[in-house]
$ cat entry-v9.txt   # compact mmCIF, C-alpha atoms
# COMPACT_ATOMS: atom_id res chain seq x y z
CA MET A 249 97.95 196.79 94.52
CA ALA A 250 101.43 196.07 95.80
CA SER A 251 103.02 192.95 97.20
CA THR A 252 106.29 192.76 99.10
CA HIS A 253 108.16 190.12 101.06
CA ASN A 254 110.32 190.88 104.08
CA GLY A 255 112.10 188.35 106.28
CA GLY A 256 109.62 185.60 105.53
CA GLU A 257 106.64 187.87 106.10
CA SER A 258 104.39 188.34 103.08
CA VAL A 259 102.64 191.67 102.83
CA MET A 260 100.08 192.74 100.29
CA PHE A 261 98.90 196.30 100.54
CA VAL A 262 96.12 197.79 98.43
CA LEU A 263 95.44 201.51 98.22
CA ASP A 264 92.02 202.46 96.95
CA SER A 265 92.46 205.43 94.62
CA ASP A 266 88.85 205.57 93.47
CA ALA A 267 87.31 207.25 96.49
CA ALA A 268 87.43 210.85 95.23
CA ASP A 269 83.63 211.07 95.31
CA LEU A 270 83.85 210.46 99.06
CA SER A 271 86.15 213.44 99.60
CA GLY A 272 85.48 215.19 102.89
CA PHE A 273 83.90 212.08 104.37
CA VAL A 274 86.65 209.50 103.88
CA GLU A 275 90.32 210.41 104.02
CA ARG A 276 91.56 207.10 102.61
CA ILE A 277 90.68 203.43 102.17
CA GLU A 278 93.35 200.74 102.54
CA ALA A 279 93.10 196.99 102.14
CA PHE A 280 95.70 194.65 103.60
CA ASP A 281 96.63 190.97 103.60
CA LEU A 282 99.54 190.22 105.91
CA THR A 283 101.21 187.07 107.16
CA VAL A 284 103.42 187.72 110.19
CA PRO A 285 104.89 185.69 113.08
CA GLU A 286 102.11 184.39 115.31
CA ALA A 287 103.43 186.31 118.30
CA ALA A 288 103.62 189.60 116.37
CA ILE A 289 101.60 192.53 117.63
CA HIS A 290 100.84 195.91 116.14
CA PHE A 291 100.66 199.26 117.87
CA GLY A 292 97.65 201.03 116.37
CA VAL A 293 98.76 204.62 116.70
CA PRO A 294 96.44 207.65 116.75
CA SER A 295 96.03 209.27 113.36
CA GLY A 296 93.86 212.36 113.83
CA VAL A 297 90.83 210.70 112.19
CA LEU A 298 88.43 207.91 113.10
CA THR A 299 89.20 204.35 112.05
CA VAL A 300 86.80 201.69 110.78
CA LEU A 301 88.25 198.20 110.32
CA ILE A 302 86.40 195.45 108.43
CA SER A 303 87.80 191.94 108.85
CA ILE A 304 87.93 189.44 106.00
CA ASP A 305 88.55 186.21 107.93
CA GLU A 306 88.84 186.08 111.70
CA PRO A 307 87.73 189.10 113.74
CA PHE A 308 90.43 191.51 114.86
CA ASP A 309 91.77 191.03 118.41
CA ILE A 310 92.29 194.54 119.78
CA GLY A 311 92.62 196.30 123.11
CA TRP A 312 94.26 199.40 124.47
CA ALA A 313 98.02 199.26 124.98
CA GLY A 314 98.65 198.92 128.69
CA ASP A 315 95.43 196.96 129.23
CA ASP A 316 95.60 193.19 129.62
CA GLU A 317 92.11 192.77 128.18
CA SER A 318 91.17 192.75 124.50
CA SER A 319 88.03 192.12 122.46
CA THR A 320 87.27 190.72 119.01
CA PHE A 321 85.78 192.91 116.31
CA PRO A 322 84.35 191.77 112.94
CA VAL A 323 83.85 195.49 112.25
CA LEU A 324 85.69 197.90 114.53
CA VAL A 325 84.89 201.58 114.97
CA ALA A 326 87.62 203.49 116.82
CA GLY A 327 87.05 207.08 117.82
CA LEU A 328 89.69 209.76 118.10
CA HIS A 329 92.31 208.81 120.69
CA THR A 330 95.71 209.97 121.87
CA THR A 331 97.30 206.69 123.00
CA PRO A 332 97.90 203.47 121.04
CA SER A 333 95.76 200.40 120.74
CA LEU A 334 97.34 196.94 120.59
CA VAL A 335 96.42 194.55 117.79
CA ARG A 336 97.20 190.90 118.48
CA THR A 337 97.73 189.46 115.00
CA HIS A 338 97.78 185.70 115.69
CA GLY A 339 99.91 185.45 112.55
CA ILE A 340 97.56 186.91 109.95
CA GLN A 341 95.72 190.15 109.27
CA ARG A 342 93.28 190.55 106.40
CA GLY A 343 90.83 193.38 106.06
CA ILE A 344 90.00 196.90 104.99
CA GLN A 345 90.71 200.08 106.91
CA ILE A 346 88.73 203.28 106.44
CA ALA A 347 90.05 206.60 107.71
CA LEU A 348 86.87 208.52 108.47
CA THR A 349 86.56 212.27 108.99
CA PRO A 350 84.19 213.83 111.55
CA LEU A 351 81.89 214.75 108.64
CA GLY A 352 81.99 211.11 107.60
CA CYS A 353 81.17 209.98 111.12
CA ARG A 354 78.02 212.08 111.12
CA ALA A 355 77.07 210.80 107.67
CA LEU A 356 77.71 207.11 108.43
CA PHE A 357 76.68 206.86 112.06
CA GLY A 358 74.46 209.90 112.61
CA MET A 359 76.44 211.18 115.59
CA PRO A 360 79.33 213.51 116.36
CA CYS A 361 82.60 211.65 116.67
CA GLY A 362 82.93 212.97 120.22
CA GLU A 363 80.52 210.22 121.26
CA LEU A 364 83.08 207.66 120.10
CA ALA A 365 86.23 209.31 121.46
CA ARG A 366 88.66 206.90 123.14
CA GLU A 367 86.29 204.02 122.39
CA LEU A 368 86.74 200.73 120.52
CA VAL A 369 83.29 199.40 119.57
CA THR A 370 81.74 196.98 117.11
CA ALA A 371 79.56 198.64 114.49
CA ASP A 372 76.43 196.79 115.63
CA MET A 373 76.86 198.35 119.10
CA LEU A 374 75.96 201.65 117.42
CA GLY A 375 72.55 200.20 116.54
CA ASP A 376 73.34 199.83 112.85
CA ASN A 377 72.88 196.32 111.47
CA ALA A 378 73.76 197.49 107.95
CA PHE A 379 77.43 197.07 108.83
CA VAL A 380 76.81 193.44 109.75
CA ALA A 381 75.41 192.80 106.28
CA LEU A 382 78.26 194.78 104.71
CA HIS A 383 80.84 192.66 106.55
CA GLU A 384 79.17 189.45 105.38
CA ARG A 385 79.12 190.60 101.74
CA ILE A 386 82.76 191.65 101.79
CA ALA A 387 83.90 188.49 103.59
CA GLU A 388 82.14 186.29 101.02
CA THR A 389 83.73 188.12 98.06
CA THR A 390 86.98 186.71 96.70
CA THR A 391 88.77 189.63 95.01
CA TRP A 392 90.01 192.93 96.40
CA ASP A 393 88.55 194.93 93.52
CA ALA A 394 85.11 193.47 94.18
CA ARG A 395 85.40 194.02 97.92
CA LEU A 396 86.38 197.64 97.48
CA ALA A 397 83.57 198.17 94.95
CA ILE A 398 81.04 196.86 97.49
CA LEU A 399 82.46 199.14 100.16
CA ARG A 400 82.47 202.20 97.92
CA GLY A 401 78.85 201.62 96.98
CA PHE A 402 77.89 201.31 100.64
CA LEU A 403 79.76 204.50 101.58
CA GLN A 404 78.36 206.45 98.63
CA GLU A 405 74.82 205.50 99.62
CA ARG A 406 75.45 206.57 103.20
CA VAL A 407 76.89 209.99 102.38
CA ALA A 408 74.28 210.67 99.67
CA GLY A 409 71.79 211.52 102.42
CA GLY A 410 73.88 214.60 103.01
CA VAL A 411 75.44 216.36 105.93
CA GLU A 412 75.40 220.09 105.28
CA ARG A 413 78.92 221.36 104.73
CA SER A 414 80.40 224.61 105.91
CA SER A 415 81.18 227.34 103.40
CA LEU A 416 84.56 227.97 105.04
CA GLY A 417 87.57 227.24 102.82
CA ASP A 418 86.99 224.10 100.78
CA GLY A 419 83.65 223.45 102.46
CA LEU A 420 84.73 220.26 104.20
CA GLY A 421 83.65 221.36 107.67
CA ILE A 422 80.22 220.77 109.17
CA ALA A 423 77.88 223.72 108.64
CA GLY A 424 77.12 225.73 111.73
CA SER A 425 79.95 224.23 113.76
CA ALA A 426 82.82 226.54 114.62
CA ALA A 427 84.55 223.58 116.25
CA ALA A 428 84.39 221.53 113.05
CA GLU A 429 85.69 224.44 111.00
CA ALA A 430 88.56 224.79 113.48
CA TRP A 431 89.23 221.06 113.15
CA TRP A 432 89.84 221.43 109.41
CA LEU A 433 92.03 224.48 109.92
CA LEU A 434 94.07 222.61 112.53
CA HIS A 435 94.51 219.67 110.16
CA ARG A 436 95.57 221.94 107.31
CA SER A 437 98.25 223.43 109.58
CA ARG A 438 99.38 219.87 110.51
CA GLY A 439 98.91 220.69 114.16
CA ASN A 440 100.79 223.97 114.22
CA ALA A 441 97.91 226.46 114.41
CA ARG A 442 97.47 228.02 117.85
CA VAL A 443 94.12 227.77 119.63
CA SER A 444 93.84 231.58 119.71
CA GLU A 445 94.39 231.71 115.94
CA LEU A 446 91.72 229.07 115.35
CA ALA A 447 89.22 230.86 117.59
CA SER A 448 89.81 234.17 115.82
CA THR A 449 89.43 232.64 112.36
CA VAL A 450 86.13 230.89 113.12
CA GLY A 451 84.80 233.89 115.06
CA VAL A 452 84.37 232.57 118.61
CA SER A 453 86.14 233.06 121.92
CA ARG A 454 88.94 230.75 122.95
CA ARG A 455 86.82 229.38 125.78
CA THR A 456 83.88 228.70 123.47
CA LEU A 457 86.13 226.96 120.97
CA LEU A 458 87.70 224.70 123.61
CA ALA A 459 84.29 223.62 124.91
CA GLY A 460 82.81 223.13 121.45
CA PHE A 461 85.85 221.27 120.13
CA ARG A 462 85.87 218.79 122.98
CA GLY A 463 82.12 218.33 122.72
CA GLU A 464 82.25 217.64 118.97
CA PHE A 465 85.37 215.44 118.93
CA GLY A 466 85.95 214.20 122.47
CA VAL A 467 89.51 215.54 122.49
CA GLY A 468 90.82 219.06 122.85
CA PRO A 469 92.53 221.01 120.06
CA LYS A 470 95.91 220.72 121.80
CA GLU A 471 95.56 216.93 122.00
CA GLU A 472 94.59 216.74 118.34
CA ALA A 473 97.51 219.01 117.45
CA GLN A 474 99.91 216.67 119.26
CA VAL A 475 98.64 213.73 117.22
CA LEU A 476 98.92 215.67 113.97
CA ARG A 477 102.48 216.75 114.68
CA PHE A 478 103.37 213.15 115.50
CA CYS A 479 101.85 211.95 112.21
CA ARG A 480 103.86 214.55 110.30
CA ALA A 481 107.08 213.61 112.10
CA ARG A 482 106.54 209.88 111.57
CA ASP A 483 105.96 210.37 107.84
CA LEU A 484 109.18 212.36 107.62
CA VAL A 485 111.27 209.86 109.60
CA GLU A 486 109.87 206.89 107.68
CA SER A 487 110.86 208.63 104.43
CA GLY A 488 114.46 208.94 105.65
CA THR A 489 114.50 212.41 107.22
CA PRO A 490 116.91 212.61 110.21
CA LEU A 491 115.22 212.90 113.60
CA THR A 492 116.53 216.40 114.29
CA GLU A 493 115.27 217.73 110.97
CA ALA A 494 111.93 215.94 111.30
CA ALA A 495 111.40 217.49 114.73
CA ALA A 496 112.01 220.99 113.37
CA VAL A 497 109.78 220.55 110.32
CA ALA A 498 106.93 219.04 112.35
CA GLY A 499 106.96 221.94 114.81
CA TYR A 500 108.65 220.49 117.90
CA ALA A 501 110.99 222.52 120.10
CA ASP A 502 113.75 219.96 119.57
CA GLN A 503 114.38 216.24 119.01
CA ALA A 504 113.97 215.40 122.70
CA HIS A 505 110.55 217.06 122.71
CA MET A 506 109.52 215.03 119.67
CA SER A 507 110.80 211.77 121.15
CA ARG A 508 108.84 212.28 124.38
CA GLU A 509 105.56 212.98 122.59
CA TRP A 510 106.23 210.20 120.05
CA ALA A 511 106.66 207.58 122.79
CA LYS A 512 103.50 208.76 124.55
CA ILE A 513 101.39 208.62 121.40
CA ALA A 514 102.90 205.60 119.63
CA GLY A 515 103.73 203.49 122.67
CA LEU A 516 107.29 203.09 121.38
CA PRO A 517 110.13 205.56 120.76
CA PRO A 518 111.11 206.39 117.16
CA SER A 519 114.03 203.94 117.22
CA LEU A 520 111.67 201.00 117.86
CA SER A 521 108.53 202.02 115.98
CA VAL A 522 109.91 203.13 112.59
CA GLY A 523 110.28 200.29 110.09
CA ASN A 524 108.98 197.69 112.53
CA PRO A 525 105.17 197.74 112.36
CA PHE A 526 104.77 194.23 113.83
CA PRO A 527 107.22 193.76 116.69
CA ILE A 528 107.26 190.78 119.04
CA LEU A 529 106.11 192.20 122.34
CA GLN A 530 108.39 189.94 124.39
CA ASP A 531 111.42 191.11 122.39
CA LEU A 532 110.95 194.76 123.30
CA PRO A 533 113.31 196.06 126.02
CA PRO A 534 111.75 196.83 129.43
CA GLY A 535 110.02 200.19 129.47
CA ALA A 536 109.96 200.45 125.69
CA SER A 537 106.28 199.68 125.25
CA ALA A 538 103.14 201.28 126.59
CA TYR A 539 102.89 198.52 129.22

$ encode --input "entry-v9.txt" --output "structure tokens"
Amino acid sequence: MASTHNGGESVMFVLDSDAADLSGFVERIEAFDLTVPEAAIHFGVPSGVLTVLISIDEPFDIGWAGDDESSTFPVLVAGLHTTPSLVRTHGIQRGIQIALTPLGCRALFGMPCGELARELVTADMLGDNAFVALHERIAETTTWDARLAILRGFLQERVAGGVERSSLGDGLGIAGSAAAEAWWLLHRSRGNARVSELASTVGVSRRTLLAGFRGEFGVGPKEEAQVLRFCRARDLVESGTPLTEAAAVAGYADQAHMSREWAKIAGLPPSLSVGNPFPILQDLPPGASAY
């Protein structure tokens, strides 16, 4: 658990390091308790995995960037997407975020994540009232350790039913799905594997892979690769790597190429999105946001 203070904003960030038994289903679990200016917003950028958000106090107020409408979510399930969402903070954000793999989506929700692509839905809309009870238990609990323990127990029970894994590589893909195997290979390459290479490795034609990939995940392999390269570049830039070097390492043709894709995916260019996770929308220069 870490706590920092920045410009009057208090931020507590908790990383759950005890989720190893969920490997392959859950990429990471993060808990957060943030106090920010009431007018602050947050661009929820694509990450290459599904997102589940569980609120602690008030429901999250979220919509797609560029859309005037938003909805409230006690428990949000966000499918794979290639453009940012917009989180209206109203001055405080408390909750838990789960980064869920496609294997985890099948285990938790009993469906391929393609059915959730580009969607923001409440968990109960998926016909699963167990998440309503989970949210109530977590919201009524007063410590982060206890909240995370409740969540881990819930997730462990869900994945115990089993989704048969592929034998390819580390076995994290879904058995019988060339598209899911290609998904893991693409992620291991951080978005730099070519579609033809993926198709050859998993033993299907390029056309078959494209159709199967979009059917399983709701996005194409090139779209997912763009998101993965962006994630790699953002990690590098946030760690202090110069933009030109980050572009080369992440696999872009040049810095201009990276900046164009970054703005499309994140809603803001690198100069405005790095180190400023909660900007004031009205303070952004015209044309800088996804609006």

$ closest_residue --input "entry-v9.txt" --among "A:Arg482, A:Arg385, A:Arg406, A:Arg438" --to "Gly352 (chain A)" --atoms "all atoms listed in the file"
A:Arg406

$ residues_around --input "entry-v9.txt" --residues "Pro294 (chain A)" --least-positions-apart "6" --cutoff "7 Å" --atoms "all atoms listed in the file" --output "VMD selection string"
chain A and resid 329 to 332 475 513

$ write_last_selection --input "entry-v9.txt" --atoms "C-alpha atoms" --output "tab-separated table (two decimals), in the frame of the given file"
chain	number	residue	atom	x	y	z
A	329	HIS	CA	92.31	208.81	120.69
A	330	THR	CA	95.71	209.97	121.87
A	331	THR	CA	97.30	206.69	123.00
A	332	PRO	CA	97.90	203.47	121.04
A	475	VAL	CA	98.64	213.73	117.22
A	513	ILE	CA	101.39	208.62	121.40

$ atom_distance --input "entry-v9.txt" --atom1 "CA of Ala408 (chain A)" --atom2 "CA of Val300 (chain A)"
19.0 Å

$ atom_distance --input "entry-v9.txt" --atom1 "CA of Trp431 (chain A)" --atom2 "CA of Pro469 (chain A)"
7.7 Å

$ residues_around --input "entry-v9.txt" --residues "Ala495 (chain A)" --least-positions-apart "5" --cutoff "7 Å" --atoms "only C-alpha atoms" --output "MDAnalysis selection string"
chainID A and resid 481 500 502:503 506

$ residues_near_point --input "entry-v9.txt" --point "(92.6, 192.1, 104.8)" --cutoff "6 Å" --atoms "only C-alpha atoms" --output "PyMOL selection string"
chain A and resi 279-281+304+341-344

$ write_last_selection --input "entry-v9.txt" --atoms "C-alpha atoms" --output "tab-separated table (two decimals), in the coordinates of the input"
chain	number	residue	atom	x	y	z
A	279	ALA	CA	93.10	196.99	102.14
A	280	PHE	CA	95.70	194.65	103.60
A	281	ASP	CA	96.63	190.97	103.60
A	304	ILE	CA	87.93	189.44	106.00
A	341	GLN	CA	95.72	190.15	109.27
A	342	ARG	CA	93.28	190.55	106.40
A	343	GLY	CA	90.83	193.38	106.06
A	344	ILE	CA	90.00	196.90	104.99

$ closest_residue --input "entry-v9.txt" --among "A:Ser333, A:Gln345, A:Thr489, A:Thr299" --to "Ala514 (chain A)" --atoms "all atoms listed in the file"
A:Ser333

$ closest_residue --input "entry-v9.txt" --among "A:Ala313, A:Leu433, A:Leu328, A:Ala378" --to "Leu403 (chain A)" --atoms "only C-alpha atoms"
A:Ala378

$ closest_residue --input "entry-v9.txt" --among "A:Leu348, A:Ala371, A:Ala287, A:Ala387" --to "Asp305 (chain A)" --atoms "all atoms listed in the file"
A:Ala387

$ closest_residue --input "entry-v9.txt" --among "A:Asp483, A:Asp316, A:Glu509, A:Glu472" --to "Ala441 (chain A)" --atoms "all atoms listed in the file"
A:Glu472

$ closest_residue --input "entry-v9.txt" --among "A:Pro518, A:Pro322, A:Pro527, A:Pro350" --to "His435 (chain A)" --atoms "only C-alpha atoms"
A:Pro350

$ residues_around --input "entry-v9.txt" --residues "Ala381 (chain A)" --least-positions-apart "5" --cutoff "12 Å" --atoms "all atoms listed in the file" --output "MDAnalysis selection string"
chainID A and resid 302 322:323 371:372 376 386:388 398:399 402

$ residues_around --input "entry-v9.txt" --residues "Phe465 (chain A)" --least-positions-apart "3" --cutoff "7 Å" --atoms "all atoms listed in the file" --output "list of chain:residue names"
A:Pro360, A:Cys361, A:Gly362, A:Ala365, A:Phe461, A:Arg462

$ atom_distance --input "entry-v9.txt" --atom1 "CA of Arg336 (chain A)" --atom2 "CA of His383 (chain A)"
20.3 Å

$ residues_around --input "entry-v9.txt" --residues "Glu275 (chain A)" --least-positions-apart "2" --cutoff "7 Å" --atoms "all atoms listed in the file" --output "PDB file with C-alpha atoms, keeping the file's coordinate frame"
ATOM      1  CA  SER A 271      86.150 213.440  99.600  1.00  0.00           C
ATOM      2  CA  GLY A 272      85.480 215.190 102.890  1.00  0.00           C
ATOM      3  CA  PHE A 273      83.900 212.080 104.370  1.00  0.00           C
ATOM      4  CA  ALA A 347      90.050 206.600 107.710  1.00  0.00           C
ATOM      5  CA  LEU A 348      86.870 208.520 108.470  1.00  0.00           C
ATOM      6  CA  THR A 349      86.560 212.270 108.990  1.00  0.00           C
TER       7      THR A 349
END

$ decode --input "entry-v9.txt" --residues "region 293-308 of chain A" --atoms "N, CA and C atoms" --output "short mmCIF file (atom, residue, chain, number, x, y, z; two decimals), in the first residue's frame"
data_model
loop_
_atom_site.label_atom_id
_atom_site.label_comp_id
_atom_site.auth_asym_id
_atom_site.auth_seq_id
_atom_site.Cartn_x
_atom_site.Cartn_y
_atom_site.Cartn_z
N VAL A 293 -8.00 4.96 -20.57
CA VAL A 293 -7.44 4.57 -21.86
C VAL A 293 -7.53 3.05 -22.05
N PRO A 294 -7.59 2.60 -23.29
CA PRO A 294 -7.57 1.16 -23.58
C PRO A 294 -6.29 0.53 -23.04
N SER A 295 -6.39 -0.73 -22.64
CA SER A 295 -5.24 -1.39 -22.03
C SER A 295 -4.93 -2.77 -22.61
N GLY A 296 -5.72 -3.24 -23.54
CA GLY A 296 -5.47 -4.56 -24.11
C GLY A 296 -6.10 -5.70 -23.35
N VAL A 297 -6.76 -5.39 -22.21
CA VAL A 297 -7.49 -6.39 -21.44
C VAL A 297 -8.83 -5.79 -21.04
N LEU A 298 -9.73 -6.63 -20.51
CA LEU A 298 -11.01 -6.13 -20.02
C LEU A 298 -10.82 -5.48 -18.65
N THR A 299 -11.73 -4.59 -18.30
CA THR A 299 -11.67 -3.91 -17.02
C THR A 299 -12.96 -4.14 -16.25
N VAL A 300 -12.81 -4.52 -14.98
CA VAL A 300 -13.94 -4.58 -14.05
C VAL A 300 -13.64 -3.59 -12.93
N LEU A 301 -14.56 -2.67 -12.68
CA LEU A 301 -14.42 -1.68 -11.62
C LEU A 301 -15.51 -1.88 -10.57
N ILE A 302 -15.09 -1.96 -9.31
CA ILE A 302 -16.03 -2.12 -8.20
C ILE A 302 -15.94 -0.88 -7.34
N SER A 303 -17.03 -0.15 -7.19
CA SER A 303 -17.01 1.09 -6.42
C SER A 303 -17.12 0.77 -4.92
N ILE A 304 -16.55 1.67 -4.12
CA ILE A 304 -16.64 1.53 -2.67
C ILE A 304 -17.74 2.43 -2.11
N ASP A 305 -17.80 3.66 -2.58
CA ASP A 305 -18.83 4.60 -2.10
C ASP A 305 -19.86 4.84 -3.20
N GLU A 306 -19.77 6.01 -3.83
CA GLU A 306 -20.71 6.34 -4.89
C GLU A 306 -20.35 5.57 -6.16
N PRO A 307 -21.35 5.24 -6.97
CA PRO A 307 -21.07 4.57 -8.24
C PRO A 307 -20.19 5.44 -9.15
N PHE A 308 -19.45 4.80 -10.03
CA PHE A 308 -18.63 5.53 -10.98
C PHE A 308 -19.51 6.18 -12.05
#
